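This is input-v8.cif (mmCIF, C-alpha atoms, pLDDT in the B column; chains and numbers go by the auth columns).
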```cif
data_model
#
loop_
_atom_site.group_PDB
_atom_site.id
_atom_site.type_symbol
_atom_site.label_atom_id
_atom_site.label_comp_id
_atom_site.label_asym_id
_atom_site.label_seq_id
_atom_site.Cartn_x
_atom_site.Cartn_y
_atom_site.Cartn_z
_atom_site.B_iso_or_equiv
_atom_site.auth_seq_id
_atom_site.auth_asym_id
ATOM 1 C CA MET A 1 0.000 0.000 0.000 36.00 1 L
ATOM 2 C CA SER A 2 1.407 3.368 -0.975 40.00 2 L
ATOM 3 C CA ARG A 3 1.420 6.148 1.603 39.00 3 L
ATOM 4 C CA ILE A 4 0.877 9.837 1.006 42.00 4 L
ATOM 5 C CA ARG A 5 3.921 11.751 2.206 40.00 5 L
ATOM 6 C CA ILE A 6 3.482 15.350 3.250 45.00 6 L
ATOM 7 C CA ARG A 7 6.654 17.384 2.976 46.00 7 L
ATOM 8 C CA PRO A 8 7.676 19.350 6.112 47.00 8 L
ATOM 9 C CA ALA A 9 7.564 22.621 4.181 47.00 9 L
ATOM 10 C CA ARG A 10 3.993 21.939 3.018 52.00 10 L
ATOM 11 C CA LEU A 11 2.996 20.952 6.548 48.00 11 L
ATOM 12 C CA ALA A 12 4.463 24.211 7.895 51.00 12 L
ATOM 13 C CA SER A 13 2.534 26.211 5.285 56.00 13 L
ATOM 14 C CA ILE A 14 -0.717 24.525 6.298 57.00 14 L
ATOM 15 C CA GLY A 15 -0.012 25.373 9.929 57.00 15 L
ATOM 16 C CA ILE A 16 0.706 29.015 9.143 57.00 16 L
ATOM 17 C CA PHE A 17 -2.524 29.433 7.176 58.00 17 L
ATOM 18 C CA ALA A 18 -4.480 27.766 9.974 59.00 18 L
ATOM 19 C CA LEU A 19 -2.939 30.098 12.562 57.00 19 L
ATOM 20 C CA ALA A 20 -3.673 33.153 10.399 60.00 20 L
ATOM 21 C CA GLY A 21 -7.285 32.041 10.060 63.00 21 L
ATOM 22 C CA LEU A 22 -7.555 31.653 13.833 56.00 22 L
ATOM 23 C CA ILE A 23 -6.138 35.153 14.397 62.00 23 L
ATOM 24 C CA PHE A 24 -8.606 36.674 11.909 58.00 24 L
ATOM 25 C CA TRP A 25 -11.503 34.862 13.577 59.00 25 L
ATOM 26 C CA VAL A 26 -10.491 36.005 17.081 54.00 26 L
ATOM 27 C CA SER A 27 -10.088 39.594 15.841 57.00 27 L
ATOM 28 C CA PHE A 28 -13.529 39.498 14.216 55.00 28 L
ATOM 29 C CA ASP A 29 -15.121 37.968 17.298 52.00 29 L
ATOM 30 C CA THR A 30 -13.513 40.622 19.531 50.00 30 L
ATOM 31 C CA ALA A 31 -14.456 43.546 17.317 49.00 31 L
ATOM 32 C CA GLN A 32 -18.055 42.376 16.610 53.00 32 L
ATOM 33 C CA GLY A 33 -18.221 44.747 13.691 50.00 33 L
ATOM 34 C CA HIS A 34 -16.575 47.657 15.536 50.00 34 L
ATOM 35 C CA ASP A 35 -13.166 49.274 15.066 50.00 35 L
ATOM 36 C CA ILE A 36 -11.026 48.074 17.987 46.00 36 L
ATOM 37 C CA ARG A 37 -8.436 50.795 17.305 52.00 37 L
ATOM 38 C CA THR A 38 -10.733 53.734 17.948 51.00 38 L
ATOM 39 C CA ASP A 39 -9.828 57.129 19.313 50.00 39 L
ATOM 40 C CA GLU A 40 -11.854 56.229 22.416 55.00 40 L
ATOM 41 C CA THR A 41 -9.567 53.264 23.106 50.00 41 L
ATOM 42 C CA MET A 42 -6.467 55.410 22.678 42.00 42 L
ATOM 43 C CA LEU A 43 -7.930 58.063 24.982 47.00 43 L
ATOM 44 C CA ARG A 44 -8.590 55.454 27.666 55.00 44 L
ATOM 45 C CA LEU A 45 -5.007 54.255 27.351 49.00 45 L
ATOM 46 C CA SER A 46 -3.711 57.834 27.562 50.00 46 L
ATOM 47 C CA ASP A 47 -5.854 58.476 30.645 56.00 47 L
ATOM 48 C CA LEU A 48 -4.532 55.292 32.269 58.00 48 L
ATOM 49 C CA ILE A 49 -0.926 56.308 31.623 56.00 49 L
ATOM 50 C CA GLY A 50 -1.593 59.763 33.067 58.00 50 L
ATOM 51 C CA GLU A 51 -3.308 58.270 36.114 63.00 51 L
ATOM 52 C CA ARG A 52 -0.388 55.926 36.795 61.00 52 L
ATOM 53 C CA SER A 53 2.075 58.781 36.344 56.00 53 L
ATOM 54 C CA ASP A 54 0.183 60.899 38.898 61.00 54 L
ATOM 55 C CA ARG A 55 0.033 57.950 41.303 65.00 55 L
ATOM 56 C CA ASN A 56 3.784 57.440 41.014 61.00 56 L
ATOM 57 C CA ALA A 57 4.312 61.143 41.753 58.00 57 L
ATOM 58 C CA ARG A 58 2.201 60.893 44.919 64.00 58 L
ATOM 59 C CA LEU A 59 4.060 57.783 46.063 61.00 59 L
ATOM 60 C CA GLU A 60 7.403 59.492 45.475 60.00 60 L
ATOM 61 C CA THR A 61 6.290 62.460 47.576 61.00 61 L
ATOM 62 C CA SER A 62 5.206 60.125 50.353 63.00 62 L
ATOM 63 C CA ALA A 63 8.471 58.176 50.169 60.00 63 L
ATOM 64 C CA ALA A 64 10.470 61.412 50.315 57.00 64 L
ATOM 65 C CA GLY A 65 8.638 62.449 53.488 62.00 65 L
ATOM 66 C CA LEU A 66 9.293 59.091 55.146 62.00 66 L
ATOM 67 C CA ARG A 67 12.960 59.227 54.131 62.00 67 L
ATOM 68 C CA SER A 68 13.265 62.681 55.704 60.00 68 L
ATOM 69 C CA GLU A 69 11.831 61.337 58.961 63.00 69 L
ATOM 70 C CA VAL A 70 14.267 58.415 58.918 62.00 70 L
ATOM 71 C CA ASP A 71 17.172 60.768 58.204 62.00 71 L
ATOM 72 C CA ALA A 72 16.157 63.033 61.069 63.00 72 L
ATOM 73 C CA LEU A 73 16.007 60.069 63.440 61.00 73 L
ATOM 74 C CA ALA A 74 19.395 58.849 62.249 60.00 74 L
ATOM 75 C CA GLU A 75 20.943 62.296 62.730 62.00 75 L
ATOM 76 C CA GLY A 76 19.575 62.527 66.257 62.00 76 L
ATOM 77 C CA ASP A 77 20.562 59.012 67.274 59.00 77 L
ATOM 78 C CA GLY A 78 22.910 59.318 70.217 58.00 78 L
ATOM 79 C CA GLY A 79 24.452 55.958 69.364 61.00 79 L
ATOM 80 C CA THR A 80 26.294 57.294 66.305 68.00 80 L
ATOM 81 C CA THR A 81 29.461 59.337 66.279 72.00 81 L
ATOM 82 C CA GLU A 82 29.981 62.597 64.410 71.00 82 L
ATOM 83 C CA ALA A 83 32.390 60.816 62.061 73.00 83 L
ATOM 84 C CA GLU A 84 29.697 58.256 61.210 65.00 84 L
ATOM 85 C CA ARG A 85 27.097 60.953 60.635 67.00 85 L
ATOM 86 C CA SER A 86 29.537 62.862 58.425 68.00 86 L
ATOM 87 C CA ALA A 87 30.220 59.737 56.375 72.00 87 L
ATOM 88 C CA LEU A 88 26.469 59.183 56.010 66.00 88 L
ATOM 89 C CA ARG A 89 25.928 62.745 54.749 68.00 89 L
ATOM 90 C CA LYS A 90 28.766 62.319 52.255 73.00 90 L
ATOM 91 C CA ALA A 91 27.275 59.053 50.975 68.00 91 L
ATOM 92 C CA LYS A 92 23.876 60.702 50.521 68.00 92 L
ATOM 93 C CA ARG A 93 25.394 63.546 48.501 69.00 93 L
ATOM 94 C CA ALA A 94 27.197 61.037 46.300 71.00 94 L
ATOM 95 C CA ALA A 95 23.996 59.026 45.821 67.00 95 L
ATOM 96 C CA GLY A 96 22.005 62.146 44.918 73.00 96 L
ATOM 97 C CA THR A 97 19.421 61.770 47.676 77.00 97 L
ATOM 98 C CA THR A 98 20.084 65.255 49.089 86.00 98 L
ATOM 99 C CA LYS A 99 19.560 68.557 47.315 90.00 99 L
ATOM 100 C CA ALA A 100 22.400 70.264 45.460 93.00 100 L
ATOM 101 C CA ASP A 101 22.665 74.000 44.934 95.00 101 L
ATOM 102 C CA GLY A 102 25.011 76.544 43.433 96.00 102 L
ATOM 103 C CA PRO A 103 25.587 78.152 40.019 98.00 103 L
ATOM 104 C CA GLY A 104 24.386 76.221 37.006 98.00 104 L
ATOM 105 C CA LEU A 105 22.445 76.043 33.751 97.00 105 L
ATOM 106 C CA THR A 106 19.015 75.066 32.476 98.00 106 L
ATOM 107 C CA VAL A 107 18.740 73.677 28.943 98.00 107 L
ATOM 108 C CA THR A 108 15.306 73.605 27.266 98.00 108 L
ATOM 109 C CA LEU A 109 14.571 71.476 24.184 98.00 109 L
ATOM 110 C CA THR A 110 11.332 71.911 22.233 97.00 110 L
ATOM 111 C CA ASP A 111 9.695 70.213 19.255 96.00 111 L
ATOM 112 C CA ALA A 112 9.514 72.171 16.016 96.00 112 L
ATOM 113 C CA PRO A 113 6.090 73.229 14.689 94.00 113 L
ATOM 114 C CA PRO A 114 4.400 70.323 12.849 92.00 114 L
ATOM 115 C CA ASP A 115 4.121 72.455 9.692 94.00 115 L
ATOM 116 C CA ALA A 116 7.785 73.519 9.768 95.00 116 L
ATOM 117 C CA VAL A 117 9.596 74.096 6.491 94.00 117 L
ATOM 118 C CA PRO A 118 13.348 74.306 5.841 95.00 118 L
ATOM 119 C CA LEU A 119 14.803 77.510 7.260 95.00 119 L
ATOM 120 C CA ILE A 120 17.995 77.353 5.221 93.00 120 L
ATOM 121 C CA SER A 121 18.555 76.522 1.595 92.00 121 L
ATOM 122 C CA GLY A 122 19.884 73.172 0.472 91.00 122 L
ATOM 123 C CA VAL A 123 18.139 70.962 3.035 92.00 123 L
ATOM 124 C CA PRO A 124 15.227 68.649 2.167 94.00 124 L
ATOM 125 C CA ASP A 125 11.693 69.055 3.421 94.00 125 L
ATOM 126 C CA PRO A 126 11.457 67.625 6.944 95.00 126 L
ATOM 127 C CA SER A 127 9.770 64.377 7.845 94.00 127 L
ATOM 128 C CA PRO A 128 7.756 64.190 11.094 93.00 128 L
ATOM 129 C CA ASN A 129 10.743 62.386 12.601 92.00 129 L
ATOM 130 C CA ASP A 130 12.917 65.478 12.023 94.00 130 L
ATOM 131 C CA LEU A 131 10.641 67.773 14.004 95.00 131 L
ATOM 132 C CA VAL A 132 10.528 66.086 17.428 95.00 132 L
ATOM 133 C CA ILE A 133 12.935 65.661 20.329 95.00 133 L
ATOM 134 C CA HIS A 134 14.382 62.162 20.482 94.00 134 L
ATOM 135 C CA GLN A 135 15.837 60.125 23.301 94.00 135 L
ATOM 136 C CA GLN A 136 19.355 60.569 21.940 95.00 136 L
ATOM 137 C CA ASP A 137 18.942 64.360 22.030 96.00 137 L
ATOM 138 C CA LEU A 138 18.054 64.361 25.722 96.00 138 L
ATOM 139 C CA GLN A 139 20.741 61.808 26.493 96.00 139 L
ATOM 140 C CA ALA A 140 23.341 63.894 24.664 97.00 140 L
ATOM 141 C CA VAL A 141 22.614 66.902 26.884 98.00 141 L
ATOM 142 C CA VAL A 142 22.632 64.787 30.061 97.00 142 L
ATOM 143 C CA ASN A 143 25.937 63.131 29.096 97.00 143 L
ATOM 144 C CA ALA A 144 27.570 66.460 28.251 98.00 144 L
ATOM 145 C CA LEU A 145 26.502 68.046 31.530 98.00 145 L
ATOM 146 C CA TRP A 146 27.853 65.109 33.517 96.00 146 L
ATOM 147 C CA LYS A 147 31.074 65.372 31.554 97.00 147 L
ATOM 148 C CA GLY A 148 31.193 69.105 32.326 97.00 148 L
ATOM 149 C CA GLY A 149 31.326 68.365 36.045 96.00 149 L
ATOM 150 C CA ALA A 150 27.680 68.719 37.072 96.00 150 L
ATOM 151 C CA ARG A 151 27.232 68.053 40.800 95.00 151 L
ATOM 152 C CA GLY A 152 23.534 67.430 40.366 95.00 152 L
ATOM 153 C CA LEU A 153 21.140 66.994 37.430 96.00 153 L
ATOM 154 C CA GLN A 154 17.399 67.405 37.226 96.00 154 L
ATOM 155 C CA VAL A 155 15.245 66.480 34.212 97.00 155 L
ATOM 156 C CA MET A 156 11.831 68.144 34.388 95.00 156 L
ATOM 157 C CA ASP A 157 11.036 67.891 38.122 93.00 157 L
ATOM 158 C CA GLN A 158 13.073 64.773 38.904 93.00 158 L
ATOM 159 C CA ARG A 159 16.637 64.370 40.138 94.00 159 L
ATOM 160 C CA LEU A 160 18.812 61.980 38.163 93.00 160 L
ATOM 161 C CA ILE A 161 21.000 59.419 39.910 89.00 161 L
ATOM 162 C CA SER A 162 23.374 56.741 38.645 83.00 162 L
ATOM 163 C CA THR A 163 20.541 54.279 37.923 83.00 163 L
ATOM 164 C CA SER A 164 18.242 56.769 36.159 88.00 164 L
ATOM 165 C CA ALA A 165 17.361 56.017 32.541 87.00 165 L
ATOM 166 C CA VAL A 166 16.139 58.654 30.076 90.00 166 L
ATOM 167 C CA ARG A 167 13.696 56.935 27.701 90.00 167 L
ATOM 168 C CA CYS A 168 11.402 58.342 25.040 88.00 168 L
ATOM 169 C CA VAL A 169 8.380 56.637 23.498 83.00 169 L
ATOM 170 C CA GLY A 170 7.139 58.590 20.512 78.00 170 L
ATOM 171 C CA ASN A 171 7.330 62.242 21.520 79.00 171 L
ATOM 172 C CA THR A 172 6.919 61.612 25.257 90.00 172 L
ATOM 173 C CA LEU A 173 9.554 61.129 27.938 92.00 173 L
ATOM 174 C CA ILE A 174 9.244 58.298 30.444 90.00 174 L
ATOM 175 C CA LEU A 175 11.428 58.934 33.468 90.00 175 L
ATOM 176 C CA GLN A 176 11.352 56.848 36.626 86.00 176 L
ATOM 177 C CA GLY A 177 7.730 55.788 36.145 83.00 177 L
ATOM 178 C CA ARG A 178 6.358 59.173 35.133 89.00 178 L
ATOM 179 C CA VAL A 179 5.421 60.587 31.729 90.00 179 L
ATOM 180 C CA TYR A 180 6.332 64.044 30.382 93.00 180 L
ATOM 181 C CA SER A 181 5.715 65.995 27.198 93.00 181 L
ATOM 182 C CA PRO A 182 7.912 68.699 25.629 94.00 182 L
ATOM 183 C CA PRO A 183 9.294 71.220 26.210 96.00 183 L
ATOM 184 C CA TYR A 184 11.953 69.292 28.129 97.00 184 L
ATOM 185 C CA ARG A 185 14.003 71.126 30.766 98.00 185 L
ATOM 186 C CA ILE A 186 17.346 69.846 32.069 98.00 186 L
ATOM 187 C CA THR A 187 18.939 71.698 34.990 98.00 187 L
ATOM 188 C CA ALA A 188 22.534 71.189 36.143 98.00 188 L
ATOM 189 C CA VAL A 189 24.389 72.480 39.188 97.00 189 L
ATOM 190 C CA GLY A 190 28.034 73.161 38.354 97.00 190 L
ATOM 191 C CA ASP A 191 30.458 75.652 36.888 98.00 191 L
ATOM 192 C CA PRO A 192 28.560 77.302 33.994 97.00 192 L
ATOM 193 C CA ALA A 193 31.700 77.765 31.877 97.00 193 L
ATOM 194 C CA ASP A 194 32.644 74.089 32.171 98.00 194 L
ATOM 195 C CA LEU A 195 29.084 72.986 31.470 98.00 195 L
ATOM 196 C CA ARG A 196 28.845 75.162 28.354 98.00 196 L
ATOM 197 C CA HIS A 197 32.215 73.970 27.086 98.00 197 L
ATOM 198 C CA ALA A 198 31.134 70.340 27.460 98.00 198 L
ATOM 199 C CA MET A 199 27.982 71.005 25.434 98.00 199 L
ATOM 200 C CA ASP A 200 29.810 73.055 22.797 97.00 200 L
ATOM 201 C CA THR A 201 32.273 70.197 22.205 97.00 201 L
ATOM 202 C CA SER A 202 29.665 67.398 22.130 97.00 202 L
ATOM 203 C CA PRO A 203 29.288 65.994 18.572 97.00 203 L
ATOM 204 C CA ASP A 204 25.772 64.735 19.366 97.00 204 L
ATOM 205 C CA ILE A 205 24.630 68.168 20.524 97.00 205 L
ATOM 206 C CA GLN A 206 26.197 69.800 17.474 97.00 206 L
ATOM 207 C CA ASN A 207 24.205 67.376 15.325 96.00 207 L
ATOM 208 C CA TYR A 208 21.011 68.396 17.138 97.00 208 L
ATOM 209 C CA LEU A 209 21.849 72.080 16.668 97.00 209 L
ATOM 210 C CA GLY A 210 21.998 71.406 12.928 96.00 210 L
ATOM 211 C CA TYR A 211 18.296 70.461 13.086 96.00 211 L
ATOM 212 C CA VAL A 212 17.624 73.532 15.206 97.00 212 L
ATOM 213 C CA GLU A 213 19.086 75.691 12.425 96.00 213 L
ATOM 214 C CA ALA A 214 17.444 73.761 9.604 96.00 214 L
ATOM 215 C CA TYR A 215 13.922 73.162 10.937 96.00 215 L
ATOM 216 C CA GLY A 216 13.426 75.294 14.031 96.00 216 L
ATOM 217 C CA LEU A 217 13.628 72.807 16.891 97.00 217 L
ATOM 218 C CA GLY A 218 13.894 74.625 20.194 97.00 218 L
ATOM 219 C CA TRP A 219 17.199 75.121 22.023 98.00 219 L
ATOM 220 C CA GLU A 220 17.634 77.532 24.924 98.00 220 L
ATOM 221 C CA VAL A 221 20.388 77.726 27.547 98.00 221 L
ATOM 222 C CA GLU A 222 19.753 79.814 30.655 98.00 222 L
ATOM 223 C CA GLN A 223 22.543 80.528 33.139 97.00 223 L
ATOM 224 C CA HIS A 224 21.858 80.764 36.882 97.00 224 L
ATOM 225 C CA ARG A 225 23.901 82.430 39.587 96.00 225 L
ATOM 226 C CA LYS A 226 22.290 79.988 41.982 97.00 226 L
ATOM 227 C CA VAL A 227 19.940 77.094 41.340 97.00 227 L
ATOM 228 C CA THR A 228 18.755 74.195 43.480 96.00 228 L
ATOM 229 C CA VAL A 229 17.947 70.669 42.342 95.00 229 L
ATOM 230 C CA PRO A 230 16.050 68.435 44.789 92.00 230 L
ATOM 231 C CA GLY A 231 17.276 65.175 46.211 89.00 231 L
ATOM 232 C CA TYR A 232 16.168 61.957 44.546 85.00 232 L
ATOM 233 C CA SER A 233 13.018 60.698 46.278 76.00 233 L
ATOM 234 C CA GLY A 234 12.482 57.295 44.656 71.00 234 L
ATOM 235 C CA THR A 235 13.741 53.882 45.650 67.00 235 L
ATOM 236 C CA VAL A 236 17.489 53.331 45.605 65.00 236 L
ATOM 237 C CA ASP A 237 17.227 49.546 45.551 64.00 237 L
ATOM 238 C CA LEU A 238 18.768 47.966 42.478 63.00 238 L
ATOM 239 C CA GLN A 239 16.293 45.984 40.378 64.00 239 L
ATOM 240 C CA HIS A 240 17.627 42.961 38.539 65.00 240 L
ATOM 241 C CA ALA A 241 16.488 39.714 37.032 69.00 241 L
ATOM 242 C CA GLU A 242 17.008 36.407 38.811 77.00 242 L
ATOM 243 C CA PRO A 243 17.087 32.939 37.238 82.00 243 L
ATOM 244 C CA VAL A 244 14.045 30.766 37.894 81.00 244 L
ATOM 245 C CA GLY A 245 14.728 27.834 40.188 70.00 245 L
#
```
Could you write out this file's structure as structure tokens?
Amino acid sequence: MSRIRIRPARLASIGIFALAGLIFWVSFDTAQGHDIRTDETMLRLSDLIGERSDRNARLETSAAGLRSEVDALAEGDGGTTEAERSALRKAKRAAGTTKADGPGLTVTLTDAPPDAVPLISGVPDPSPNDLVIHQQDLQAVVNALWKGGARGLQVMDQRLISTSAVRCVGNTLILQGRVYSPPYRITAVGDPADLRHAMDTSPDIQNYLGYVEAYGLGWEVEQHRKVTVPGYSGTVDLQHAEPVG
């Protein structure tokens, strides 16, 4: 008796078509004749993100208050020596959990108008991607300010520490569990001349300034005789993955 042999490639094709059919059926059953990618759905998602961002802000404020109480108790503990308390204060400054003040700069980056046209001859018409602030633009400013000797950095209303990550999704900034929209403000405490020199010699910032000149993205540097950035108020525990079992 002869047997019908199905080639592996043909069997895989049959499986793929069956899976595609299942996906289409589930999508149809879920939608029930309605558009499941409606503006209403996107608005609900946006509201949820905003709600979580506000909740994170409230929790950070509460955590900062509790940390202040703990610090006050530690400072007043008669069982510690002045040398130990001095070492603790030094560690907090290094970790960024206490405020920093002194002369400094604030850098503001802003999206270009959505209907922007080339401002100089010889450059092509911009794409939407050319008119918004990207993660690498913010990171370039942060890196340059650290390199310029900043003693403290604040992005929007949050202090940056060694574990902070500047991430952008679309044209929004996600920083330490909270969401921000442009304009983006970055404040640094440090010698203004050193901070400016670090930005002026950064190739990534010079690349961004080319888009500022060509399409009108925003770039403003404000110098301060004295500015204060708050201490970091979030958790300082390191988060990491662990193998299962």
Between L:Gln136, L:His197, L:Gly149, L:Thr110, single out the one closest to Gly216 in chain L, counting all atoms listed in the file.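 For Gly216 in chain L, the nearest of the candidates is L:Thr110.
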Using all atoms listed in the file, which of the listed residues (L:Val166, L:Ala83, L:Leu175, L:Val221) sits closest to Ala140 in chain L?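 Under the stated criterion, the closest residue is L:Val166.
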What gap, in Å, lies between CA of Pro124 in chain L and CA of Val141 in chain L? 25.9 Å
Might you spell out which residues the PyMOL selection byres ((chain L and resi 196) around 9) would select in the displayed file, as a ChimeraX atom specification? /L:105,144-145,148,191-195,197-201,221
Of L:Pro183, L:Gly152, L:Pro243, L:Pro203, the one sitting nearest Thr97 in chain L when using only C-alpha atoms is L:Gly152
Would you mind listing what lies within 7 Å of Thr228 in chain L as number ranges by chain, with all atoms listed in the file counted and same-chain residues fewer than 3 positions away left out? L: 99-102
With the input short on atoms, add N, CA, C and O atoms back to range 203-221 of chain L and write it as a compact mmCIF listing (two decimals), in the coordinates of the input.
```txt
# COMPACT_ATOMS: atom_id res chain seq x y z
N PRO L 203 29.72 66.21 19.97
CA PRO L 203 29.29 65.99 18.57
C PRO L 203 27.79 65.75 18.46
O PRO L 203 27.15 66.19 17.49
N ASP L 204 27.20 65.03 19.43
CA ASP L 204 25.77 64.74 19.37
C ASP L 204 24.94 66.00 19.51
O ASP L 204 23.91 66.16 18.84
N ILE L 205 25.36 66.91 20.38
CA ILE L 205 24.63 68.17 20.52
C ILE L 205 24.81 69.03 19.29
O ILE L 205 23.86 69.69 18.83
N GLN L 206 25.99 69.04 18.71
CA GLN L 206 26.20 69.80 17.47
C GLN L 206 25.32 69.27 16.35
O GLN L 206 24.80 70.04 15.53
N ASN L 207 25.11 67.95 16.31
CA ASN L 207 24.20 67.38 15.32
C ASN L 207 22.77 67.86 15.56
O ASN L 207 22.07 68.23 14.61
N TYR L 208 22.35 67.89 16.82
CA TYR L 208 21.01 68.40 17.14
C TYR L 208 20.87 69.86 16.75
O TYR L 208 19.84 70.28 16.20
N LEU L 209 21.92 70.66 17.00
CA LEU L 209 21.85 72.08 16.67
C LEU L 209 21.73 72.30 15.16
O LEU L 209 21.22 73.32 14.71
N GLY L 210 22.20 71.33 14.37
CA GLY L 210 22.00 71.41 12.93
C GLY L 210 20.52 71.36 12.58
O GLY L 210 20.05 72.09 11.69
N TYR L 211 19.75 70.53 13.29
CA TYR L 211 18.30 70.46 13.09
C TYR L 211 17.61 71.71 13.63
O TYR L 211 16.58 72.14 13.10
N VAL L 212 18.16 72.27 14.69
CA VAL L 212 17.62 73.53 15.21
C VAL L 212 17.72 74.61 14.13
O VAL L 212 16.76 75.36 13.87
N GLU L 213 18.87 74.68 13.47
CA GLU L 213 19.09 75.69 12.42
C GLU L 213 18.26 75.41 11.18
O GLU L 213 17.73 76.33 10.55
N ALA L 214 18.12 74.11 10.86
CA ALA L 214 17.44 73.76 9.60
C ALA L 214 15.92 73.79 9.71
O ALA L 214 15.24 74.24 8.78
N TYR L 215 15.37 73.35 10.85
CA TYR L 215 13.92 73.16 10.94
C TYR L 215 13.25 73.87 12.12
O TYR L 215 12.04 73.81 12.25
N GLY L 216 14.03 74.51 12.97
CA GLY L 216 13.43 75.29 14.03
C GLY L 216 13.11 74.55 15.31
O GLY L 216 12.24 74.99 16.08
N LEU L 217 13.78 73.42 15.58
CA LEU L 217 13.63 72.81 16.89
C LEU L 217 14.13 73.77 17.96
O LEU L 217 15.01 74.58 17.71
N GLY L 218 13.56 73.67 19.15
CA GLY L 218 13.89 74.62 20.19
C GLY L 218 15.17 74.25 20.94
O GLY L 218 15.42 73.09 21.25
N TRP L 219 15.97 75.29 21.23
CA TRP L 219 17.20 75.12 22.02
C TRP L 219 17.44 76.42 22.78
O TRP L 219 17.62 77.47 22.18
N GLU L 220 17.41 76.34 24.09
CA GLU L 220 17.63 77.53 24.92
C GLU L 220 18.50 77.14 26.11
O GLU L 220 18.24 76.12 26.76
N VAL L 221 19.51 77.95 26.40
CA VAL L 221 20.39 77.73 27.55
C VAL L 221 20.31 78.95 28.44
O VAL L 221 20.61 80.07 28.01
```
